[in-house]
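Q: Contents of final35.json (JSON, C-alpha atoms):
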```json
[["chain", "number", "residue", "atom", "x", "y", "z"],
["A", 1, "MET", "CA", -4.96, 15.16, -3.76],
["A", 2, "PRO", "CA", -8.65, 15.56, -4.76],
["A", 3, "LYS", "CA", -11.15, 14.01, -2.41],
["A", 4, "THR", "CA", -12.38, 11.49, -4.99],
["A", 5, "THR", "CA", -8.83, 10.30, -5.67],
["A", 6, "ALA", "CA", -8.13, 9.96, -1.94],
["A", 7, "ALA", "CA", -11.30, 7.90, -1.54],
["A", 8, "ARG", "CA", -10.23, 5.55, -4.32],
["A", 9, "SER", "CA", -6.74, 5.25, -2.84],
["A", 10, "PHE", "CA", -8.10, 4.20, 0.54],
["A", 11, "PRO", "CA", -11.84, 3.37, 0.47],
["A", 12, "THR", "CA", -13.97, 3.88, 3.57],
["A", 13, "LEU", "CA", -14.69, 0.16, 3.91],
["A", 14, "LEU", "CA", -10.99, -0.64, 3.86],
["A", 15, "ALA", "CA", -10.29, 2.03, 6.48],
["A", 16, "VAL", "CA", -13.04, 0.62, 8.70],
["A", 17, "ALA", "CA", -11.67, -2.91, 8.27],
["A", 18, "CYS", "CA", -8.17, -1.76, 9.24],
["A", 19, "ALA", "CA", -9.47, -0.01, 12.37],
["A", 20, "PHE", "CA", -11.61, -3.02, 13.30],
["A", 21, "LEU", "CA", -8.71, -5.45, 12.89],
["A", 22, "PHE", "CA", -6.41, -3.23, 14.96],
["A", 23, "VAL", "CA", -8.93, -3.11, 17.81],
["A", 24, "SER", "CA", -9.46, -6.87, 17.45],
["A", 25, "GLY", "CA", -5.81, -7.29, 18.30],
["A", 26, "TYR", "CA", -6.60, -6.06, 21.82],
["A", 27, "PHE", "CA", -9.32, -8.67, 22.37],
["A", 28, "VAL", "CA", -7.23, -11.46, 20.87],
["A", 29, "VAL", "CA", -4.46, -10.65, 23.37],
["A", 30, "ARG", "CA", -6.63, -9.94, 26.42],
["A", 31, "PHE", "CA", -9.23, -12.70, 25.95],
["A", 32, "PRO", "CA", -7.39, -15.63, 24.36],
["A", 33, "ASP", "CA", -9.46, -18.42, 25.94],
["A", 34, "VAL", "CA", -12.96, -17.59, 24.71],
["A", 35, "GLU", "CA", -14.80, -20.85, 24.05],
["A", 36, "GLY", "CA", -15.05, -21.68, 20.35],
["A", 37, "ALA", "CA", -12.57, -19.00, 19.31],
["A", 38, "GLU", "CA", -10.53, -21.45, 17.26],
["A", 39, "TYR", "CA", -13.57, -22.20, 15.10],
["A", 40, "ALA", "CA", -14.60, -18.56, 14.77],
["A", 41, "SER", "CA", -11.12, -17.92, 13.39],
["A", 42, "TYR", "CA", -12.12, -19.74, 10.19],
["A", 43, "GLY", "CA", -14.67, -17.07, 9.33],
["A", 44, "PHE", "CA", -12.37, -14.33, 10.55],
["A", 45, "ASN", "CA", -9.49, -15.51, 8.36],
["A", 46, "LEU", "CA", -11.77, -16.03, 5.37],
["A", 47, "LEU", "CA", -12.99, -12.43, 5.55],
["A", 48, "ILE", "CA", -9.41, -11.18, 5.75],
["A", 49, "ALA", "CA", -8.31, -13.35, 2.81],
["A", 50, "LEU", "CA", -11.24, -12.62, 0.46],
["A", 51, "PRO", "CA", -10.01, -9.28, -0.96],
["A", 52, "ALA", "CA", -6.71, -10.81, -2.10],
["A", 53, "PHE", "CA", -8.37, -13.97, -3.45],
["A", 54, "VAL", "CA", -10.95, -12.01, -5.46],
["A", 55, "ALA", "CA", -8.35, -9.54, -6.76],
["A", 56, "LEU", "CA", -6.01, -12.37, -7.81],
["A", 57, "VAL", "CA", -8.73, -14.13, -9.82],
["A", 58, "ARG", "CA", -9.68, -10.83, -11.48],
["A", 59, "GLN", "CA", -6.02, -10.02, -12.20],
["A", 60, "PHE", "CA", -5.06, -13.44, -13.59],
["A", 61, "GLY", "CA", -8.41, -14.62, -14.93],
["A", 62, "ALA", "CA", -10.39, -17.43, -13.33],
["A", 63, "GLY", "CA", -8.23, -20.32, -14.54],
["A", 64, "ARG", "CA", -4.83, -18.90, -13.67],
["A", 65, "GLY", "CA", -6.11, -17.26, -10.50],
["A", 66, "LEU", "CA", -7.54, -20.48, -9.09],
["A", 67, "LEU", "CA", -4.42, -22.37, -10.17],
["A", 68, "ALA", "CA", -2.23, -19.89, -8.28],
["A", 69, "LEU", "CA", -4.39, -20.17, -5.15],
["A", 70, "VAL", "CA", -4.34, -23.96, -5.25],
["A", 71, "ALA", "CA", -0.59, -24.07, -5.92],
["A", 72, "VAL", "CA", 0.27, -21.77, -3.02],
["A", 73, "SER", "CA", -2.17, -23.53, -0.68],
["A", 74, "VAL", "CA", -0.83, -27.02, -1.47],
["A", 75, "PHE", "CA", 2.74, -25.78, -1.18],
["A", 76, "GLY", "CA", 1.91, -24.18, 2.19],
["A", 77, "TYR", "CA", 0.47, -27.41, 3.52],
["A", 78, "LEU", "CA", 3.47, -29.42, 2.29],
["A", 79, "ILE", "CA", 6.25, -27.13, 3.51],
["A", 80, "GLU", "CA", 4.62, -26.48, 6.87],
["A", 81, "GLY", "CA", 3.76, -30.14, 7.40],
["A", 82, "PHE", "CA", 7.30, -31.16, 6.51],
["A", 83, "GLY", "CA", 8.61, -28.45, 8.84],
["A", 84, "VAL", "CA", 6.55, -29.64, 11.81],
["A", 85, "ALA", "CA", 7.43, -33.28, 11.17],
["A", 86, "THR", "CA", 11.17, -32.83, 10.63],
["A", 87, "GLY", "CA", 12.20, -29.39, 11.92],
["A", 88, "VAL", "CA", 13.38, -28.47, 8.39],
["A", 89, "PRO", "CA", 13.62, -25.72, 7.19],
["A", 90, "TYR", "CA", 12.27, -23.62, 10.08],
["A", 91, "GLY", "CA", 13.58, -25.40, 13.14],
["A", 92, "GLU", "CA", 11.61, -27.44, 15.65],
["A", 93, "PHE", "CA", 8.10, -26.05, 16.20],
["A", 94, "TYR", "CA", 4.46, -27.10, 16.34],
["A", 95, "TYR", "CA", 1.05, -25.46, 16.15],
["A", 96, "GLY", "CA", -0.88, -24.72, 19.31],
["A", 97, "ASP", "CA", -4.53, -25.58, 20.00],
["A", 98, "ALA", "CA", -5.53, -21.98, 19.31],
["A", 99, "MET", "CA", -5.11, -22.62, 15.58],
["A", 100, "GLY", "CA", -7.87, -25.21, 15.58],
["A", 101, "PRO", "CA", -7.96, -28.75, 14.13],
["A", 102, "THR", "CA", -4.96, -29.92, 12.16],
["A", 103, "ILE", "CA", -4.32, -32.28, 9.26],
["A", 104, "LEU", "CA", -2.63, -35.45, 10.57],
["A", 105, "GLY", "CA", -1.77, -33.54, 13.73],
["A", 106, "LEU", "CA", 0.62, -31.32, 11.78],
["A", 107, "VAL", "CA", -0.87, -28.30, 10.00],
["A", 108, "PRO", "CA", -4.11, -26.38, 10.68],
["A", 109, "TYR", "CA", -6.80, -26.71, 8.04],
["A", 110, "LEU", "CA", -7.08, -22.92, 7.80],
["A", 111, "LEU", "CA", -3.43, -22.45, 6.81],
["A", 112, "PRO", "CA", -4.13, -21.27, 3.21],
["A", 113, "LEU", "CA", -6.46, -18.55, 4.49],
["A", 114, "SER", "CA", -3.63, -16.99, 6.46],
["A", 115, "TYR", "CA", -0.65, -17.87, 4.25],
["A", 116, "ALA", "CA", -1.80, -17.28, 0.67],
["A", 117, "PRO", "CA", -2.83, -13.61, 1.19],
["A", 118, "LEU", "CA", 0.64, -12.86, 2.55],
["A", 119, "VAL", "CA", 2.24, -14.29, -0.58],
["A", 120, "ILE", "CA", -0.18, -12.47, -2.89],
["A", 121, "GLY", "CA", 0.43, -9.16, -1.12],
["A", 122, "ALA", "CA", 4.21, -9.58, -1.16],
["A", 123, "VAL", "CA", 4.22, -10.38, -4.89],
["A", 124, "ALA", "CA", 2.00, -7.37, -5.61],
["A", 125, "MET", "CA", 4.33, -5.12, -3.63],
["A", 126, "VAL", "CA", 7.35, -5.96, -5.79],
["A", 127, "SER", "CA", 5.70, -6.58, -9.17],
["A", 128, "GLY", "CA", 5.63, -4.23, -12.14],
["A", 129, "SER", "CA", 9.24, -3.92, -13.22],
["A", 130, "GLY", "CA", 12.50, -5.82, -13.38],
["A", 131, "SER", "CA", 13.12, -9.44, -14.23],
["A", 132, "ALA", "CA", 10.98, -12.26, -12.88],
["A", 133, "LEU", "CA", 13.95, -13.57, -10.89],
["A", 134, "ARG", "CA", 14.47, -10.20, -9.22],
["A", 135, "ARG", "CA", 10.79, -9.95, -8.31],
["A", 136, "ILE", "CA", 10.73, -13.49, -6.95],
["A", 137, "LEU", "CA", 13.76, -12.86, -4.74],
["A", 138, "LEU", "CA", 12.37, -9.54, -3.50],
["A", 139, "GLY", "CA", 9.05, -11.21, -2.77],
["A", 140, "GLY", "CA", 10.81, -13.86, -0.69],
["A", 141, "VAL", "CA", 12.77, -11.24, 1.27],
["A", 142, "LEU", "CA", 9.58, -9.24, 1.89],
["A", 143, "LEU", "CA", 7.86, -12.33, 3.27],
["A", 144, "VAL", "CA", 10.72, -12.73, 5.74],
["A", 145, "VAL", "CA", 10.17, -9.13, 6.88],
["A", 146, "ILE", "CA", 6.43, -9.78, 7.22],
["A", 147, "ASP", "CA", 7.16, -12.84, 9.33],
["A", 148, "GLY", "CA", 9.25, -10.61, 11.58],
["A", 149, "VAL", "CA", 5.89, -9.19, 12.66],
["A", 150, "LEU", "CA", 3.83, -12.38, 12.63],
["A", 151, "ASP", "CA", 5.99, -14.85, 14.50],
["A", 152, "PRO", "CA", 6.59, -12.87, 17.71],
["A", 153, "GLY", "CA", 2.88, -12.09, 17.94],
["A", 154, "ALA", "CA", 1.88, -15.66, 17.16],
["A", 155, "VAL", "CA", 4.28, -17.02, 19.80],
["A", 156, "ALA", "CA", 2.84, -14.60, 22.36],
["A", 157, "LEU", "CA", -0.66, -15.88, 21.55],
["A", 158, "GLY", "CA", 0.35, -19.55, 21.55],
["A", 159, "PHE", "CA", -0.56, -20.00, 17.90],
["A", 160, "TRP", "CA", 2.67, -21.89, 17.39],
["A", 161, "ILE", "CA", 5.37, -22.97, 19.80],
["A", 162, "TRP", "CA", 9.15, -23.16, 19.56],
["A", 163, "PRO", "CA", 10.21, -25.62, 22.30],
["A", 164, "GLY", "CA", 13.81, -24.40, 22.18],
["A", 165, "GLY", "CA", 12.95, -20.72, 22.05],
["A", 166, "GLY", "CA", 15.10, -18.28, 20.16],
["A", 167, "PRO", "CA", 16.79, -14.86, 20.32],
["A", 168, "TYR", "CA", 14.04, -12.92, 18.49],
["A", 169, "TYR", "CA", 11.12, -12.84, 20.93],
["A", 170, "GLY", "CA", 11.37, -16.59, 21.38],
["A", 171, "VAL", "CA", 11.81, -17.33, 17.66],
["A", 172, "PRO", "CA", 15.02, -19.01, 16.39],
["A", 173, "VAL", "CA", 17.04, -17.53, 13.54],
["A", 174, "SER", "CA", 16.56, -20.78, 11.59],
["A", 175, "ASN", "CA", 12.89, -19.85, 11.16],
["A", 176, "TYR", "CA", 13.78, -16.85, 9.00],
["A", 177, "GLY", "CA", 16.13, -18.86, 6.85],
["A", 178, "GLY", "CA", 13.25, -21.27, 6.31],
["A", 179, "TRP", "CA", 10.89, -18.43, 5.50],
["A", 180, "LEU", "CA", 13.30, -17.12, 2.90],
["A", 181, "ILE", "CA", 13.38, -20.52, 1.19],
["A", 182, "SER", "CA", 9.62, -21.06, 1.34],
["A", 183, "GLY", "CA", 8.91, -17.42, 0.50],
["A", 184, "VAL", "CA", 11.00, -17.51, -2.65],
["A", 185, "ILE", "CA", 9.26, -20.70, -3.81],
["A", 186, "ALA", "CA", 5.78, -19.35, -3.03],
["A", 187, "ALA", "CA", 6.55, -16.03, -4.74],
["A", 188, "ALA", "CA", 7.86, -17.96, -7.75],
["A", 189, "LEU", "CA", 4.61, -19.93, -8.01],
["A", 190, "VAL", "CA", 2.46, -16.79, -8.12],
["A", 191, "THR", "CA", 4.89, -14.87, -10.35],
["A", 192, "LEU", "CA", 5.32, -17.62, -12.94],
["A", 193, "ILE", "CA", 1.63, -18.52, -13.05],
["A", 194, "GLY", "CA", 0.72, -14.86, -13.38],
["A", 195, "GLY", "CA", 3.26, -14.19, -16.11],
["A", 196, "ARG", "CA", 2.58, -11.00, -18.06],
["A", 197, "ARG", "CA", -0.56, -10.36, -16.04],
["A", 198, "LEU", "CA", 1.76, -9.05, -13.32],
["A", 199, "THR", "CA", 3.84, -6.82, -15.59],
["A", 200, "ARG", "CA", 1.93, -5.74, -18.70],
["A", 201, "GLN", "CA", -1.27, -4.34, -17.17],
["A", 202, "PRO", "CA", -2.12, -2.22, -14.10],
["A", 203, "LEU", "CA", -2.17, -4.24, -10.90],
["A", 204, "ARG", "CA", -5.38, -4.29, -8.90],
["A", 205, "PRO", "CA", -4.96, -2.51, -5.54],
["A", 206, "GLY", "CA", -7.06, -5.24, -3.93],
["A", 207, "LEU", "CA", -4.09, -7.58, -4.21],
["A", 208, "LEU", "CA", -2.60, -5.66, -1.27],
["A", 209, "ASP", "CA", -5.71, -5.32, 0.87],
["A", 210, "SER", "CA", -5.64, -8.64, 2.73],
["A", 211, "LEU", "CA", -2.00, -8.14, 3.69],
["A", 212, "LEU", "CA", -2.77, -4.57, 4.74],
["A", 213, "VAL", "CA", -5.65, -5.42, 7.08],
["A", 214, "SER", "CA", -3.66, -8.38, 8.40],
["A", 215, "MET", "CA", -0.80, -6.05, 9.32],
["A", 216, "PHE", "CA", -3.23, -3.86, 11.25],
["A", 217, "LEU", "CA", -4.37, -6.92, 13.22],
["A", 218, "TRP", "CA", -0.80, -7.92, 14.00],
["A", 219, "LEU", "CA", 0.12, -4.33, 14.83],
["A", 220, "GLY", "CA", -2.57, -4.46, 17.50],
["A", 221, "VAL", "CA", -1.41, -7.87, 18.72],
["A", 222, "CYS", "CA", 2.20, -6.72, 18.99],
["A", 223, "LEU", "CA", 1.35, -3.42, 20.69],
["A", 224, "PHE", "CA", -0.95, -4.99, 23.27],
["A", 225, "SER", "CA", 1.54, -7.81, 23.87],
["A", 226, "GLY", "CA", 4.35, -5.33, 24.52],
["A", 227, "LEU", "CA", 6.39, -6.40, 21.46],
["A", 228, "ALA", "CA", 8.00, -3.07, 20.58],
["A", 229, "PHE", "CA", 10.18, -3.87, 17.57],
["A", 230, "PRO", "CA", 7.63, -6.08, 15.76],
["A", 231, "ALA", "CA", 5.05, -3.30, 16.28],
["A", 232, "VAL", "CA", 7.39, -0.74, 14.69],
["A", 233, "LEU", "CA", 8.08, -3.16, 11.85],
["A", 234, "ALA", "CA", 4.33, -3.60, 11.31],
["A", 235, "ALA", "CA", 3.87, 0.18, 11.19],
["A", 236, "VAL", "CA", 6.63, 0.51, 8.58],
["A", 237, "LEU", "CA", 5.05, -2.21, 6.46],
["A", 238, "ILE", "CA", 1.64, -0.54, 6.73],
["A", 239, "ILE", "CA", 3.07, 2.77, 5.49],
["A", 240, "ALA", "CA", 4.77, 1.00, 2.58],
["A", 241, "LEU", "CA", 1.56, -0.87, 1.69],
["A", 242, "VAL", "CA", -0.56, 2.29, 1.77],
["A", 243, "ARG", "CA", 1.91, 4.15, -0.45],
["A", 244, "ARG", "CA", 2.07, 1.24, -2.89],
["A", 245, "ARG", "CA", -1.73, 1.05, -2.99],
["A", 246, "ARG", "CA", -2.01, 4.75, -3.80],
["A", 247, "ARG", "CA", 0.45, 4.34, -6.66],
["A", 248, "LEU", "CA", -1.52, 1.40, -8.05],
["A", 249, "VAL", "CA", -4.74, 3.43, -7.93],
["A", 250, "ARG", "CA", -3.09, 6.30, -9.81],
["A", 251, "THR", "CA", -1.62, 3.92, -12.39],
["A", 252, "ALA", "CA", -4.97, 2.22, -12.95],
["A", 253, "ALA", "CA", -6.52, 5.64, -13.62],
["A", 254, "LEU", "CA", -4.09, 6.41, -16.47],
["A", 255, "PRO", "CA", -5.11, 5.70, -20.10],
["A", 256, "ALA", "CA", -4.07, 2.24, -21.27],
["A", 257, "GLU", "CA", -1.06, 1.99, -23.55],
["A", 258, "PRO", "CA", -1.80, 1.02, -27.17],
["A", 259, "THR", "CA", -0.01, -2.33, -26.71],
["A", 260, "ASP", "CA", -2.55, -3.35, -24.04],
["A", 261, "ALA", "CA", -5.12, -3.93, -26.75],
["A", 262, "LEU", "CA", -2.92, -6.65, -28.20],
["A", 263, "GLU", "CA", -2.77, -8.63, -24.96],
["A", 264, "PRO", "CA", -4.72, -11.89, -25.03],
["A", 265, "THR", "CA", -7.85, -11.95, -22.89],
["A", 266, "SER", "CA", -7.75, -13.93, -19.64],
["A", 267, "ARG", "CA", -9.22, -17.38, -19.72]]
```
Please lay out the structure from this file as structure tokens.

A:
Amino acid sequence: MPKTTAARSFPTLLAVACAFLFVSGYFVVRFPDVEGAEYASYGFNLLIALPAFVALVRQFGAGRGLLALVAVSVFGYLIEGFGVATGVPYGEFYYGDAMGPTILGLVPYLLPLSYAPLVIGAVAMVSGSGSALRRILLGGVLLVVIDGVLDPGAVALGFWIWPGGGPYYGVPVSNYGGWLISGVIAAALVTLIGGRRLTRQPLRPGLLDSLLVSMFLWLGVCLFSGLAFPAVLAAVLIIALVRRRRRLVRTAALPAEPTDALEPTSR
């Protein structure tokens, strides 16, 4: 691959961000009780989320992009708040102090910054072909796989707690059934709001970038916490994300099809 194409496929800034987030995993694990860390996480999560948020607005147009972000954020608050309050659909759990202040003692304020980029990245991974239903279901399944990395690391850090424990690094099986349900709904929100903007034009590689750098962070957390299988799962997801990003860059470089000119402009 020519050097210029390689640089577009994986820009230097993105590579630096991935390396930085991986190394940050060490400090998050080794120094969990730094004063004020829960507040610093707001800025940290915002920086991670920005690439996906910007790419989504550029992909969908301002109106649809903001609508998708609001819809996924509100849904995240509702499903997580209901889950903490009732134990449905994830099982009994609650958020630890490390996640910072919560709404009504249930859900951290920063939830959309960590949840929405995962949904955006998962939808971008499976978009481009097939029916909307197929893409929604695949997006939900992919979010379950992503959570197979996140939850063990988050439990190790005390980000959220399962009082009853569970067979997968302290996480109950019910959690993944819940993630499938919530993941399918969240993927449906983004897919249906996006409509043809996810299928009839090249996808922006930036839609994947927040999920990619997040996986590097959680790869570091899992490795330095001694969580072998979640670390391997994170590495597999990273490889898949990098390959998908390279394909999107190549597709974006191809001449537009004649029918693209007939597409309505984004509002």

Q: Which residues are close to Leu118 of chain A, i.e. within 9 Å by only C-alpha atoms, leaving aside same-chain residues fewer than 4 positions away? Reply as a ChimeraX atom specification.

A: /A:49,52,114,122-123,143,146,208,210-211,214

Q: How many Å separate atom CA of Leu189 of chain A from atom CA of Leu137 of chain A?

A: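 We find that atom CA of Leu189 of chain A and atom CA of Leu137 of chain A lie 12.0 Å from each other.
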
Q: Report, in Å to a single decimal, how far apart atom CA of Leu237 of chain A and atom CA of Leu212 of chain A are.

A: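 Value for the atom CA of Leu212 of chain A-atom CA of Leu237 of chain A distance: 8.3 Å.
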
Q: Of the candidates A:Leu113, A:Val126, A:Val171, A:Val57, which shows the shortest atom-to-atom distance to Asp151 of chain A, using all atoms listed in the file?

A: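 So, comparing all the options, the nearest one is A:Val171.
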
Q: Let me make sure I understand: among A:Trp162, A:Phe60, A:Phe20, A:Phe27, which one has the smallest atom-to-atom distance to Ile193 of chain A if we use only C-alpha atoms?

A: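 So, comparing all the options, the nearest one is A:Phe60.
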
Q: Quote the spacing between atom CA of Leu50 of chain A and atom CA of Ala188 of chain A in Å to one decimal place.

A: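 Distance reported for this atom pair: 21.5 Å.
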
Q: Report as a count of residues only all protein, DNA and RNA residues lying within 7 Å of Val149 of chain A, evaluated on only C-alpha atoms, omitting residues in the same chain fewer than 2 positions from it.

A: 10

Q: Given the choices A:Gly178, A:Gly226, A:Pro11, A:Gly206, which gets closest to Glu92 of chain A if the distance is worked out from only C-alpha atoms?

A: A:Gly178

Q: Select, from A:Ile136, A:Leu14, A:Ala98, A:Val34, the residue with the minimum atom-to-atom distance to Ala154 of chain A, counting all atoms listed in the file.

A: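 Selected residue with least distance to Ala154 of chain A: A:Ala98.
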
Q: For Phe75 of chain A, which residue out of A:Leu21, A:Leu142, A:Leu217, A:Val184 is the nearest one, using all atoms listed in the file?

A: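 Going through A:Leu21, A:Leu142, A:Leu217, A:Val184 one by one, the smallest distance to Phe75 of chain A is for A:Val184.
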
Q: Need the shell around Ile181 of chain A: protein/DNA/RNA residues with any atom at most 9 Å away, counting only C-alpha atoms. Skip same-chain ones fewer than 5 positions apart. Format as a PDB file with C-alpha atoms, in the coordinates of the input?

A:
```pdb
ATOM      1  CA  PRO A  89      13.620 -25.720   7.190  1.00  0.00           C
ATOM      2  CA  GLY A 140      10.810 -13.860  -0.690  1.00  0.00           C
ATOM      3  CA  TYR A 176      13.780 -16.850   9.000  1.00  0.00           C
ATOM      4  CA  ALA A 186       5.780 -19.350  -3.030  1.00  0.00           C
TER       5      ALA A 186
END
```

Q: A:Val141, A:Ile161, A:Leu133, A:Leu241: which is nearest Gly183 of chain A, counting only C-alpha atoms?

A: A:Val141

Q: Excluding Ser174 of chain A and its own-chain neighbours fewer than 3 positions away, which residues fall within 7 Å of it when counting all atoms listed in the file? Please give them as a ChimeraX atom specification.

A: /A:90-91,177-178

Q: Complete segment 178-186 of chain A at the level of all heavy atoms, written as a tab-separated table (two decimals), keeping the file's coordinate frame.

A:
```
chain	number	residue	atom	x	y	z
A	178	GLY	N	14.29	-20.44	6.90
A	178	GLY	CA	13.25	-21.27	6.31
A	178	GLY	C	12.21	-20.44	5.57
A	178	GLY	O	11.75	-20.82	4.49
A	179	TRP	N	11.86	-19.30	6.16
A	179	TRP	CA	10.89	-18.43	5.50
A	179	TRP	C	11.43	-17.85	4.20
A	179	TRP	O	10.67	-17.63	3.26
A	179	TRP	CB	10.46	-17.30	6.45
A	179	TRP	CG	9.15	-17.61	7.10
A	179	TRP	CD1	8.94	-18.47	8.13
A	179	TRP	CD2	7.86	-17.08	6.75
A	179	TRP	NE1	7.60	-18.51	8.44
A	179	TRP	CE2	6.92	-17.66	7.63
A	179	TRP	CE3	7.43	-16.17	5.79
A	179	TRP	CZ2	5.56	-17.37	7.55
A	179	TRP	CZ3	6.07	-15.87	5.72
A	179	TRP	CH2	5.15	-16.47	6.59
A	180	LEU	N	12.72	-17.61	4.14
A	180	LEU	CA	13.30	-17.12	2.90
A	180	LEU	C	13.18	-18.19	1.81
A	180	LEU	O	12.79	-17.89	0.66
A	180	LEU	CB	14.76	-16.74	3.10
A	180	LEU	CG	15.48	-16.18	1.87
A	180	LEU	CD1	14.79	-14.92	1.36
A	180	LEU	CD2	16.95	-15.90	2.19
A	181	ILE	N	13.48	-19.43	2.16
A	181	ILE	CA	13.38	-20.52	1.19
A	181	ILE	C	11.94	-20.70	0.73
A	181	ILE	O	11.64	-20.71	-0.47
A	181	ILE	CB	13.92	-21.83	1.80
A	181	ILE	CG1	15.42	-21.71	2.07
A	181	ILE	CG2	13.62	-23.01	0.87
A	181	ILE	CD1	15.98	-22.87	2.88
A	182	SER	N	11.02	-20.84	1.70
A	182	SER	CA	9.62	-21.06	1.34
A	182	SER	C	9.02	-19.83	0.66
A	182	SER	O	8.19	-19.95	-0.25
A	182	SER	CB	8.81	-21.44	2.57
A	182	SER	OG	8.80	-20.40	3.53
A	183	GLY	N	9.44	-18.64	1.10
A	183	GLY	CA	8.91	-17.42	0.50
A	183	GLY	C	9.31	-17.26	-0.94
A	183	GLY	O	8.50	-16.85	-1.79
A	184	VAL	N	10.54	-17.58	-1.27
A	184	VAL	CA	11.00	-17.51	-2.65
A	184	VAL	C	10.22	-18.49	-3.53
A	184	VAL	O	9.79	-18.15	-4.64
A	184	VAL	CB	12.51	-17.78	-2.74
A	184	VAL	CG1	12.94	-18.04	-4.18
A	184	VAL	CG2	13.29	-16.60	-2.17
A	185	ILE	N	10.00	-19.70	-3.02
A	185	ILE	CA	9.26	-20.70	-3.81
A	185	ILE	C	7.82	-20.26	-4.01
A	185	ILE	O	7.27	-20.34	-5.12
A	185	ILE	CB	9.33	-22.08	-3.13
A	185	ILE	CG1	10.77	-22.59	-3.08
A	185	ILE	CG2	8.43	-23.08	-3.85
A	185	ILE	CD1	10.95	-23.85	-2.26
A	186	ALA	N	7.18	-19.78	-2.93
A	186	ALA	CA	5.78	-19.35	-3.03
A	186	ALA	C	5.65	-18.15	-3.96
A	186	ALA	O	4.73	-18.08	-4.79
A	186	ALA	CB	5.24	-19.01	-1.65
```
